[in-house]
Amino acid sequence: MEDKIRVIEDVIREYEGEFDEEKTETLMKLISIMEEVHQKSEVVIPQKKVVYEAIENPNKETVSNFVAATFNEPFGVDIEKTMEEFERKKRSVEERMKMIEEMMRHNEVKEKIGKDGIKQIETTIQKIENKLIECLRKEIQKDRVKEEETIPKEEETIPKEEETTKIAVSQESDDKKSCKQKERTTKESDDKKGCEEEEKEVDKKFEKRIKEIKEEEKERREKYLEFKRKYEEHGKNKDYYLELKNPSSECENEIKIGVWMNQKNNSIMDEMDTYEGLNEANKKVKKEIIIEMEKEIEEIERMVSDMKNTKMELDSIKEEKKEVNKPIKIEGNNQRYVRPAHKVEDDEDNIKIEVNKKTETDRVFEQINWRKMEMGIQFKAIDKGKYYVMYARIKGMRDEDIDVNITKNGNLSISGMKIPNKEEKEMIMRMVNHQLRGISEEEKVQIIYQYCQGKYGRFKEIYSIPKNVDIKKIIVSYTEEGILQINLPKYIDFNEIYDPFAFIW
């Protein structure tokens with residue numbers, strides 16, 4: 001694979017979530033699989049959605065989609081094998097340290113993380129180094145004790161006539177052994193006391209920090225509940241933000257609050273990992289805090305993710321408004337619309353005025369021929385093993401607007417027509433009236449026609465059906481979220497070799 005560090009950077013750049021230990025491990029597993037399948041071939045970085053789904057929820061579908069998206073040409077992924085490889089991957093300490101070394105040698109990485117980032121990494125590595133030396137010291141000490149315990153006792157064979165000398169030597173030997181035993185016992189006692197004192201010190205620091213966290217908890221909890229309240233009120237409601245002066249900026253500011261809260265939570269989680277050797281009571285407290293934090297982090301990430309989707313919709317609307325707001329040249333003298341003077345003598349002539357019930361919106365949209373407007377729809381295909389799935393997102397349609405059938409030639413035909421509903425028409429009309437005041441209805445029709453091109457109108461796609469599909473069991477569904485999905489079940493006993501994705505490319 002080409003420059004691995006660059007690939008890692010690019011994937012991180014496409015991911016819009018927050019990294020923790022689990023997601024970092026998922027990322028590195030995906031990179032390892034990419035190394036194996038690509039060898040010398042060029043790597044394509046998947047789109048944001050594919051990267052996000054693979055890291056957030058690694059399963060058969062998301063991981064295989066990720067791997068397939070790294071190729072320029074269509075590539076049939078062996079889902080079972082890919083997932084087995086993904087789940088089997090367990091990186092050793094040596095692999096992790098090697099990756100850290102490679103990344104820290106990369107000048108671009110150093111420039112991006114900056115001096116503060118490098119300092120934090122150095123501190124963490126120093127802790128790892130200290131832990132390694134401490135573990136090694138303890139094991140050496142254990143070996144030394146075992147060696148001393150296994151030294152064989154020398155049998156003393158001294159003649160009877162030298163009994164007095166024997167007793168003296170024996171006594172001296174016993175004294176030496178006793179001294180060694182005492183020294184060993186004293187050393188072990190000192191080590192034990194040192195460990196106990198160290199553990200007590202850790203417990204004291206932990207209890208002090210927990211007290212501080214609980215004091216801060218009230219303020220933190222209030223911010224969390226306020227963020228959650230705003231999310232539940234309007235987090236997924238773009239119409240709420242559209243009423244504000246700067247919709248996208250307002251939404252982004254609320255997202256930043258959620259991200260900041262999770263940074264704080266993750267900081268506390270990282271701090272909890274540094275407390276080792278706690279007593280049972282404090283271990284229980286630590287576990288409860290970690291569980292509570294993980295739950296809150298997960299919930300905030302979900303809310304932030306939804307709000308990011310809302311912001312993307314707001315940004316899209318903003319771009320669409322820019323398109324509509326393009327200046328229009330009107331040849332000739334500038335003209336102003338003047339209401340004609342009209343006097344109705346009700347009492348004298350008893351003229352009845354017929355009220356035109358049609359609004360301007362109705363009149364303008366009636367002049368647009370939606371059948372002449374082309375709507376581009378791109379379907380995606382996934383091999384699920386026992387069946388294929390084709391799907392596309394087409395919001396704002398009804399079941400009766402969609403037609404899926406098999407043609408005489410045995411192909412799959414998907415067609416339909418999307419027309420803006422009442423609310424969408426009014427929104428488009430308000431946007432045009434706000435941006436381009438004083439123009440005629442004819443000009444409004446032309447502008448709205450250009451704006452709706454590609455977003456509304458008719459669509460028709462025809463795909464060849466793979467030979468191993470049982471056409472009698474094809475199922476079509478359209479969800480409330482606007483997903484048109486077609487399931488194409490396979491024949492159970494079909495064994496012919498073919499390209500499973502040939503019908504969609």
# chains A, B, ... in the order shown; residues from 1 in each chain; ligands from 1
$ residues_around --residues "region 43-60 of chain A" --least-positions-apart "6" --cutoff "6 Å" --atoms "only C-alpha atoms" --output "PyMOL selection string"
chain A and resi 14-15+23+66+69-71+83
$ residues_around --residues "Lys4 (chain A)" --least-positions-apart "2" --cutoff "12 Å" --atoms "only C-alpha atoms" --output "VMD selection string"
chain A and resid 1 to 2 6 to 11 28 30 to 36 38 to 40 42 to 43 45 99 102 to 103 106
$ write_last_selection --atoms "N, CA and C atoms" --output "mmCIF file, in the first residue's frame"
data_model
loop_
_atom_site.group_PDB
_atom_site.id
_atom_site.type_symbol
_atom_site.label_atom_id
_atom_site.label_comp_id
_atom_site.auth_asym_id
_atom_site.auth_seq_id
_atom_site.Cartn_x
_atom_site.Cartn_y
_atom_site.Cartn_z
ATOM 1 N N MET A 1 0.855 -1.195 0.000
ATOM 2 C CA MET A 1 0.000 0.000 0.000
ATOM 3 C C MET A 1 0.890 1.245 0.000
ATOM 4 N N GLU A 2 0.404 2.324 -0.652
ATOM 5 C CA GLU A 2 1.140 3.576 -0.687
ATOM 6 C C GLU A 2 1.306 4.126 0.731
ATOM 7 N N ARG A 6 -0.173 8.733 5.275
ATOM 8 C CA ARG A 6 -1.060 9.653 4.532
ATOM 9 C C ARG A 6 -2.476 9.101 4.472
ATOM 10 N N VAL A 7 -2.585 7.782 4.265
ATOM 11 C CA VAL A 7 -3.908 7.144 4.213
ATOM 12 C C VAL A 7 -4.634 7.314 5.548
ATOM 13 N N ILE A 8 -3.908 7.094 6.644
ATOM 14 C CA ILE A 8 -4.504 7.272 7.984
ATOM 15 C C ILE A 8 -5.007 8.708 8.151
ATOM 16 N N GLU A 9 -4.170 9.676 7.771
ATOM 17 C CA GLU A 9 -4.548 11.091 7.859
ATOM 18 C C GLU A 9 -5.827 11.368 7.071
ATOM 19 N N ASP A 10 -5.877 10.862 5.835
ATOM 20 C CA ASP A 10 -7.027 11.127 4.961
ATOM 21 C C ASP A 10 -8.315 10.509 5.507
ATOM 22 N N VAL A 11 -8.205 9.295 6.064
ATOM 23 C CA VAL A 11 -9.394 8.642 6.648
ATOM 24 C C VAL A 11 -9.882 9.428 7.862
ATOM 25 N N MET A 28 -7.525 1.413 13.117
ATOM 26 C CA MET A 28 -6.262 0.753 12.814
ATOM 27 C C MET A 28 -6.481 -0.645 12.213
ATOM 28 N N LEU A 30 -9.030 -1.394 10.245
ATOM 29 C CA LEU A 30 -9.411 -1.111 8.854
ATOM 30 C C LEU A 30 -8.180 -0.803 8.004
ATOM 31 N N ILE A 31 -7.233 -0.051 8.580
ATOM 32 C CA ILE A 31 -5.995 0.273 7.856
ATOM 33 C C ILE A 31 -5.203 -1.001 7.576
ATOM 34 N N SER A 32 -5.151 -1.919 8.551
ATOM 35 C CA SER A 32 -4.420 -3.190 8.368
ATOM 36 C C SER A 32 -5.028 -4.018 7.242
ATOM 37 N N ILE A 33 -6.372 -4.070 7.191
ATOM 38 C CA ILE A 33 -7.053 -4.814 6.123
ATOM 39 C C ILE A 33 -6.767 -4.168 4.768
ATOM 40 N N MET A 34 -6.776 -2.821 4.729
ATOM 41 C CA MET A 34 -6.461 -2.106 3.487
ATOM 42 C C MET A 34 -5.046 -2.471 3.005
ATOM 43 N N GLU A 35 -4.087 -2.571 3.951
ATOM 44 C CA GLU A 35 -2.708 -2.950 3.591
ATOM 45 C C GLU A 35 -2.674 -4.312 2.910
ATOM 46 N N GLU A 36 -3.453 -5.254 3.451
ATOM 47 C CA GLU A 36 -3.430 -6.623 2.931
ATOM 48 C C GLU A 36 -4.075 -6.728 1.554
ATOM 49 N N HIS A 38 -4.607 -4.299 -0.683
ATOM 50 C CA HIS A 38 -4.128 -3.407 -1.741
ATOM 51 C C HIS A 38 -2.709 -3.709 -2.209
ATOM 52 N N GLN A 39 -1.846 -4.178 -1.346
ATOM 53 C CA GLN A 39 -0.461 -4.455 -1.717
ATOM 54 C C GLN A 39 0.135 -3.242 -2.439
ATOM 55 N N LYS A 40 0.221 -3.303 -3.791
ATOM 56 C CA LYS A 40 0.831 -2.196 -4.543
ATOM 57 C C LYS A 40 -0.203 -1.325 -5.258
ATOM 58 N N GLU A 42 -3.360 1.342 -5.991
ATOM 59 C CA GLU A 42 -3.698 2.676 -5.481
ATOM 60 C C GLU A 42 -4.900 2.596 -4.531
ATOM 61 N N VAL A 43 -4.838 3.374 -3.464
ATOM 62 C CA VAL A 43 -5.922 3.382 -2.460
ATOM 63 C C VAL A 43 -6.802 4.599 -2.676
ATOM 64 N N ILE A 45 -9.714 6.896 -0.944
ATOM 65 C CA ILE A 45 -10.265 7.177 0.386
ATOM 66 C C ILE A 45 -11.790 7.226 0.282
ATOM 67 N N MET A 99 3.826 1.290 15.028
ATOM 68 C CA MET A 99 2.978 2.293 14.376
ATOM 69 C C MET A 99 3.228 3.684 14.967
ATOM 70 N N GLU A 102 6.471 4.960 13.553
ATOM 71 C CA GLU A 102 6.319 5.394 12.153
ATOM 72 C C GLU A 102 5.652 6.759 12.071
ATOM 73 N N MET A 103 4.592 6.937 12.868
ATOM 74 C CA MET A 103 3.850 8.205 12.815
ATOM 75 C C MET A 103 4.681 9.366 13.368
ATOM 76 N N HIS A 106 7.137 10.848 10.973
ATOM 77 C CA HIS A 106 6.528 11.541 9.826
ATOM 78 C C HIS A 106 6.451 13.043 10.135
#
$ atom_distance --atom1 "CA of Asp315 (chain A)" --atom2 "CA of Glu301 (chain A)"
20.7 Å
$ closest_residue --among "A:Lys228, A:Arg220, A:Lys283, A:Arg398" --to "Lys264 (chain A)" --atoms "only C-alpha atoms"
A:Arg220
$ atom_distance --atom1 "CA of Lys311 (chain A)" --atom2 "CA of Ile257 (chain A)"
14.4 Å
$ residues_around --residues "Thr274 (chain A)" --least-positions-apart "5" --cutoff "10 Å" --atoms "only C-alpha atoms" --output "ChimeraX atom specification"
/A:127,202,206,269
$ write_last_selection --atoms "N, CA and C atoms" --output "PDB file, in the first residue's frame"
ATOM      1  N   LYS A 127       5.229   7.237  30.882  1.00  0.00           N
ATOM      2  CA  LYS A 127       4.453   6.415  31.827  1.00  0.00           C
ATOM      3  C   LYS A 127       4.522   4.933  31.433  1.00  0.00           C
ATOM      4  N   VAL A 202      -2.471   6.493  46.611  1.00  0.00           N
ATOM      5  CA  VAL A 202      -3.317   6.481  45.406  1.00  0.00           C
ATOM      6  C   VAL A 202      -4.783   6.633  45.781  1.00  0.00           C
ATOM      7  N   PHE A 206      -7.249   9.602  44.701  1.00  0.00           N
ATOM      8  CA  PHE A 206      -8.481   9.251  43.993  1.00  0.00           C
ATOM      9  C   PHE A 206      -9.702   9.829  44.698  1.00  0.00           C
ATOM     10  N   MET A 269     -12.551  10.324  31.818  1.00  0.00           N
ATOM     11  CA  MET A 269     -12.373   8.887  31.567  1.00  0.00           C
ATOM     12  C   MET A 269     -10.880   8.530  31.493  1.00  0.00           C
TER      13      MET A 269
END
$ residues_around --residues "Arg363 (chain A)" --least-positions-apart "2" --cutoff "12 Å" --atoms "only C-alpha atoms" --output "ChimeraX atom specification"
/A:356-361,365-368,425,429,441-442,444-445
$ atom_distance --atom1 "CA of Gly396 (chain A)" --atom2 "CA of Gly482 (chain A)"
6.6 Å
$ closest_residue --among "A:Lys384, A:Glu294, A:Ile402, A:Glu61" --to "Glu22 (chain A)" --atoms "only C-alpha atoms"
A:Glu294
$ select_by_dssp --residues "region 267-462 of chain A" --states "strand (DSSP E)" --output "count of residues only"
30
$ decode --residues "region 99-113 of chain A" --atoms "N, CA and C atoms" --output "mmCIF file, in the first residue's frame"
data_model
loop_
_atom_site.group_PDB
_atom_site.id
_atom_site.type_symbol
_atom_site.label_atom_id
_atom_site.label_comp_id
_atom_site.auth_asym_id
_atom_site.auth_seq_id
_atom_site.Cartn_x
_atom_site.Cartn_y
_atom_site.Cartn_z
ATOM 1 N N MET A 99 3.826 1.290 15.028
ATOM 2 C CA MET A 99 2.978 2.293 14.376
ATOM 3 C C MET A 99 3.228 3.684 14.967
ATOM 4 N N ILE A 100 3.359 3.759 16.300
ATOM 5 C CA ILE A 100 3.641 5.048 16.955
ATOM 6 C C ILE A 100 4.972 5.602 16.444
ATOM 7 N N GLU A 101 5.976 4.713 16.339
ATOM 8 C CA GLU A 101 7.303 5.135 15.851
ATOM 9 C C GLU A 101 7.212 5.672 14.421
ATOM 10 N N GLU A 102 6.471 4.960 13.553
ATOM 11 C CA GLU A 102 6.319 5.394 12.153
ATOM 12 C C GLU A 102 5.652 6.759 12.071
ATOM 13 N N MET A 103 4.592 6.937 12.868
ATOM 14 C CA MET A 103 3.850 8.205 12.815
ATOM 15 C C MET A 103 4.681 9.366 13.368
ATOM 16 N N MET A 104 5.459 9.104 14.432
ATOM 17 C CA MET A 104 6.253 10.169 15.038
ATOM 18 C C MET A 104 7.468 10.535 14.183
ATOM 19 N N ARG A 105 7.841 9.659 13.249
ATOM 20 C CA ARG A 105 8.929 9.991 12.328
ATOM 21 C C ARG A 105 8.435 10.805 11.142
ATOM 22 N N HIS A 106 7.137 10.848 10.973
ATOM 23 C CA HIS A 106 6.528 11.541 9.826
ATOM 24 C C HIS A 106 6.451 13.043 10.135
ATOM 25 N N ASN A 107 7.169 13.834 9.366
ATOM 26 C CA ASN A 107 7.254 15.283 9.646
ATOM 27 C C ASN A 107 5.907 15.982 9.589
ATOM 28 N N GLU A 108 5.061 15.576 8.621
ATOM 29 C CA GLU A 108 3.740 16.220 8.495
ATOM 30 C C GLU A 108 2.875 15.963 9.724
ATOM 31 N N VAL A 109 2.983 14.741 10.268
ATOM 32 C CA VAL A 109 2.228 14.412 11.482
ATOM 33 C C VAL A 109 2.691 15.293 12.630
ATOM 34 N N LYS A 110 4.012 15.440 12.783
ATOM 35 C CA LYS A 110 4.559 16.283 13.854
ATOM 36 C C LYS A 110 4.064 17.726 13.733
ATOM 37 N N GLU A 111 4.067 18.231 12.500
ATOM 38 C CA GLU A 111 3.616 19.613 12.279
ATOM 39 C C GLU A 111 2.149 19.777 12.657
ATOM 40 N N LYS A 112 1.339 18.766 12.323
ATOM 41 C CA LYS A 112 -0.099 18.864 12.595
ATOM 42 C C LYS A 112 -0.420 18.800 14.082
ATOM 43 N N ILE A 113 0.239 17.876 14.815
ATOM 44 C CA ILE A 113 -0.105 17.730 16.243
ATOM 45 C C ILE A 113 0.530 18.820 17.094
#
